[in-house]
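Trainee: If you scroll down you'll find the structure; I have some questions about it.
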Amino acid sequence: MKKIPLNDWHVSHGAKMVEFGGFLMPVSYSGVLAEHQAVRERCGLFDISHMGEFYFEGEAAQAFLQSVTTNDLRTLHDGEAQYSLLLNETGGVVDDIIVYRINATRFMLCVNAANIQKDFAWLRARLPQGLSMEDRSDEMGMIALQGPASERVLAAMDFDLESLQRFQFSFPRLAENPVMLSRTGYTGEEGCEIFLPNESLPAVWEALLRAGAPHGIVPIGLGARDTLRLEMAYPLYGHELNDEINPFEAGLAWVVKMEKGDFVGRPALQKIQAAGVARRRVGLAMLDPGIPREGLRVILQDRPVGVVCSGTFSPTLKVGIATALIDRTANPDSGEILIDIRGKLKKAKIVQLPFIKRL
Amino acid sequence: MNFPEDLKYTSEHEWVRIDGDVATVGITDYAQEQLGDVVFVELPEEGEELEKGDTFGVVESTKSVSDLYVPLSGVVTESNDPLLDSPEIVNEDAYGEGWMIRIKIKSKDELKDLLDSAAYQKLIEEGA
């Protein structure tokens, strides 16, 4: 198991550490509920240095990435990022990623920690001659600053978040360290994600905590990161997405631009479209007491119709919420459906996603 | 961490307060700390008969689900219903308002299987 560069800082600040995606990661410091609330109401700082970064350099960069991702890179300008997917030949999701266009011949991909090796091998197998690809995950860290006070925290570090639109990025200095800063995040709150060399991590991390202190900033672990993203129904690879779930089932049709031309997985998606999608991702909110958890069966009229992808207690709504993949035909008029929670059938309601309205 | 001397404990991290033939049961300070924020508690109905070692309920935190084990056989005389709406009480006052059930004890013989405060602390220190 790998340790992230600030491992000792987290441990000495009371973090409980758990394995995630092959890394030892902080899961919580003061408690998931308090951390969740801090991000929704003030701001929080996430060390997400487990995430992977691949760099592409060469004339063929855009054409290559266009041919292996589902979104359309032709709409992307320098300094803009795009949520996208890598698919396998059967239309299943290899990974969900963000593509950063630094310039016409230089791109960065941010990939999930657990998928770094799989993605690298998958991309390398398709890489054309003359295009260079470099996995810099081990030498790069990543910090997310999220919450309504983010803009004020960055202003105290002489960075104007309003200089960027959502999904734009630039290369400012923070505490004199050059970083790449993008106006993105995984919580539904205002904020940014910062890519930087490992050597700069301690200084920038501490400087952000100092700048954020007047705004009540706290470090946030993966526990609250999960409840925050699930309230927004953002997919988490390995839960809402995997090699056997296609983007139409996962509710990610908006990331798939079939009209852009060929890309890996497109022929399979065409067949799936022609045959009709078998399953759909839905949001469930509990009507009965109880918390739905990953892997639990969803039941309609005495028949199992699907399975919970992610489930948790929503700190904002104060109720159990879940995403589930269910049969396309399971569509009760009442919207009510049952979840088998440890042998007891508990009532839940199919609800609109996201569970809460934010960005 | 706090382990009152006047309570008995189980290796499943429950505490038991004996009062005549009634046992009050909850989870220990150590257990609530390990669980983190408790967000859901499921308890048995009054009158339910419980066998030692069976599960009598569930406690869920933001990231985990744990069964609650019956420390002593008997009949449930009371469940702490306020926990159903305010499960955070378990974190705030594990040995007081955070109690879970009261049991009318069937056999006092089973009391000998419970741990005292020192034995329970030793168990935790050994990393159980």
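To be explicit about the labels: the chains of the structure tokens are called A, B, and onward in the order shown, and within each one the residues are counted from 1, while ligands get numbers from 1 in the order they are shown.
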Hey, what's within 10 Å of Ile89 in chain B if we count only C-alpha atoms and toss same-chain stuff fewer than 6 positions away? As an MDAnalysis selection string, please?
Mentor: chainID B and resid 37:39 82:83 96:99
Trainee: Using only C-alpha atoms, find each residue of range 13-99 of chain B with at least one atom at most 9 Å away from an atom of range 107-128 of chain B; report its shortest atom-to-atom pair and that distance in Å (one decimal), sort the rows by chain and rising residue number, and return the result as a tab-separated table.
Mentor:
```
residue	atom	partner	partner_atom	distance
B:His13	CA	B:Tyr120	CA	8.4
B:Val16	CA	B:Leu114	CA	8.5
B:Asp21	CA	B:Lys108	CA	7.9
B:Tyr30	CA	B:Ile124	CA	8.3
B:Lys52	CA	B:Glu110	CA	8.4
B:Pro71	CA	B:Leu114	CA	7.8
B:Leu72	CA	B:Glu110	CA	6.3
B:Ser73	CA	B:Ser107	CA	7.1
B:Gly74	CA	B:Ser107	CA	7.8
```
Trainee: As a short mmCIF file (atom, residue, chain, number, x, y, z; two decimals) with N, CA and C atoms, in the first residue's frame, could you give me every residue of chain B near chain A (at most 10 Å apart, counting only C-alpha atoms)?
Mentor:
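As a result, part_36.cif now contains:
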```
data_model
loop_
_atom_site.label_atom_id
_atom_site.label_comp_id
_atom_site.auth_asym_id
_atom_site.auth_seq_id
_atom_site.Cartn_x
_atom_site.Cartn_y
_atom_site.Cartn_z
N GLU B 33 -16.64 5.88 19.74
CA GLU B 33 -15.50 6.58 19.15
C GLU B 33 -15.03 5.89 17.87
N GLN B 34 -15.00 4.56 17.92
CA GLN B 34 -14.58 3.80 16.73
C GLN B 34 -15.58 3.94 15.59
N LEU B 35 -16.87 3.96 15.94
CA LEU B 35 -17.90 4.06 14.91
C LEU B 35 -17.89 5.42 14.23
N GLY B 36 -17.58 6.46 14.99
CA GLY B 36 -17.76 7.81 14.47
C GLY B 36 -19.22 8.22 14.61
N ASP B 37 -19.63 9.22 13.84
CA ASP B 37 -20.98 9.77 14.00
C ASP B 37 -22.05 8.71 13.80
N VAL B 38 -22.80 8.43 14.86
CA VAL B 38 -23.90 7.47 14.77
C VAL B 38 -25.10 8.16 14.13
N VAL B 39 -25.63 7.57 13.06
CA VAL B 39 -26.72 8.21 12.32
C VAL B 39 -28.00 7.36 12.28
N PHE B 40 -27.93 6.14 12.80
CA PHE B 40 -29.12 5.30 12.76
C PHE B 40 -29.00 4.21 13.81
N VAL B 41 -30.10 4.00 14.54
CA VAL B 41 -30.14 2.93 15.53
C VAL B 41 -31.45 2.18 15.35
N GLU B 42 -31.35 0.84 15.37
CA GLU B 42 -32.55 0.01 15.28
C GLU B 42 -32.60 -0.84 16.55
N VAL B 58 -29.21 -2.79 15.58
CA VAL B 58 -28.17 -2.35 14.66
C VAL B 58 -27.81 -0.91 15.00
N GLU B 60 -25.66 2.21 13.11
CA GLU B 60 -24.95 2.60 11.90
C GLU B 60 -24.35 3.98 12.07
N SER B 61 -23.11 4.09 11.62
CA SER B 61 -22.49 5.40 11.56
C SER B 61 -22.44 5.81 10.10
N THR B 62 -21.81 6.96 9.83
CA THR B 62 -21.77 7.41 8.45
C THR B 62 -21.10 6.39 7.55
N LYS B 63 -20.17 5.59 8.09
CA LYS B 63 -19.45 4.66 7.22
C LYS B 63 -19.54 3.20 7.62
N SER B 64 -20.28 2.87 8.67
CA SER B 64 -20.28 1.46 9.03
C SER B 64 -21.61 1.01 9.62
N VAL B 65 -21.82 -0.29 9.55
CA VAL B 65 -23.01 -0.93 10.10
C VAL B 65 -22.54 -1.97 11.11
N LEU B 84 -34.00 6.67 18.18
CA LEU B 84 -34.42 6.45 16.79
C LEU B 84 -34.44 7.77 16.04
N ASP B 85 -34.85 8.83 16.72
CA ASP B 85 -34.88 10.16 16.08
C ASP B 85 -33.60 10.94 16.31
#
```
Trainee: Name the closest residue to Arg102 in chain B among the candidates B:Glu49, B:Asp67, B:Glu88, B:Asp54; distances are taken between atoms, counting only C-alpha atoms.
Mentor: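 The closest residue to Arg102 in chain B is B:Glu49.
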Trainee: Hey, what does DSSP flag as strand (DSSP E or B) within range 91-311 of chain A? Can you give it to me as number ranges by chain?
Mentor: A: 93-103, 106-111, 132-135, 140-146, 168-170, 173-174, 177-178, 180-182, 191-197, 218-219, 237, 241, 279-286, 297-300, 303-311
Trainee: Could you check how far CA of Glu5 in chain B sits from CA of Thr28 in chain B, in Å to one decimal?
Mentor: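 So the answer is 12.5 Å.
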Trainee: Need to verify the contact set: Glu193 in chain A, 6 Å, only C-alpha atoms, exclusion of same-chain residues closer than 3 positions in sequence. Can you return it as a PyMOL selection string?
Mentor: chain A and resi 143-144+181-182+184
Trainee: Need to verify the contact set: Gly276 in chain A, 10 Å, only C-alpha atoms, exclusion of same-chain residues closer than 5 positions in sequence. Can you return it as a ChimeraX atom specification?
Mentor: /A:248,270-271,328
Trainee: I need the chosen residues saved as a PDB file, in the first residue's frame, with C-alpha atoms.
Mentor:
```pdb
ATOM      1  CA  PHE A 248     -26.253   5.299 -20.685  1.00  0.00           C
ATOM      2  CA  GLN A 270     -24.591   2.082 -30.972  1.00  0.00           C
ATOM      3  CA  LYS A 271     -25.711  -1.522 -30.496  1.00  0.00           C
ATOM      4  CA  ARG A 328     -35.495  -0.098 -17.075  1.00  0.00           C
TER       5      ARG A 328
END
```
Trainee: When you look at Ala253 in chain A with a cut-off of 10 Å (counting only C-alpha atoms), what residues show up, excluding the ones that are within fewer than 6 positions of it in the same chain? I need them as a ChimeraX atom specification.
Mentor: /A:70-71,246-247
Trainee: So that I can check the surroundings of range 57-59 of chain A, please list as a PyMOL selection string every protein, DNA and RNA residue that reaches within 7 Å of it, counting only C-alpha atoms and ignoring chain neighbours fewer than 6 positions away.
Mentor: chain A and resi 105-107+130-133
Trainee: For Ile48 in chain A, please output as a PyMOL selection string all residues within 12 Å (counting only C-alpha atoms; exclusion window: fewer than 6 positions along the same chain).
Mentor: chain A and resi 3-7+10+20-21+23-27+110-113+137+140-145+185-186+193-196+198+201+205+219-222+225
Trainee: Quick one: DSSP helix (DSSP H, G or I) residues in chain B, as a count of residues only?
Mentor: 30
Trainee: Would you compute the distance between CA of Arg266 in chain A and CA of Leu86 in chain A? Give it in Å to one decimal.
Mentor: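 Computed distance, CA of Arg266 in chain A to CA of Leu86 in chain A, equals 10.8 Å.
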Trainee: Could you check how far CA of Asn331 in chain A sits from CA of His239 in chain A, in Å to one decimal?
Mentor: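 Going from CA of Asn331 in chain A over to CA of His239 in chain A covers 22.0 Å.
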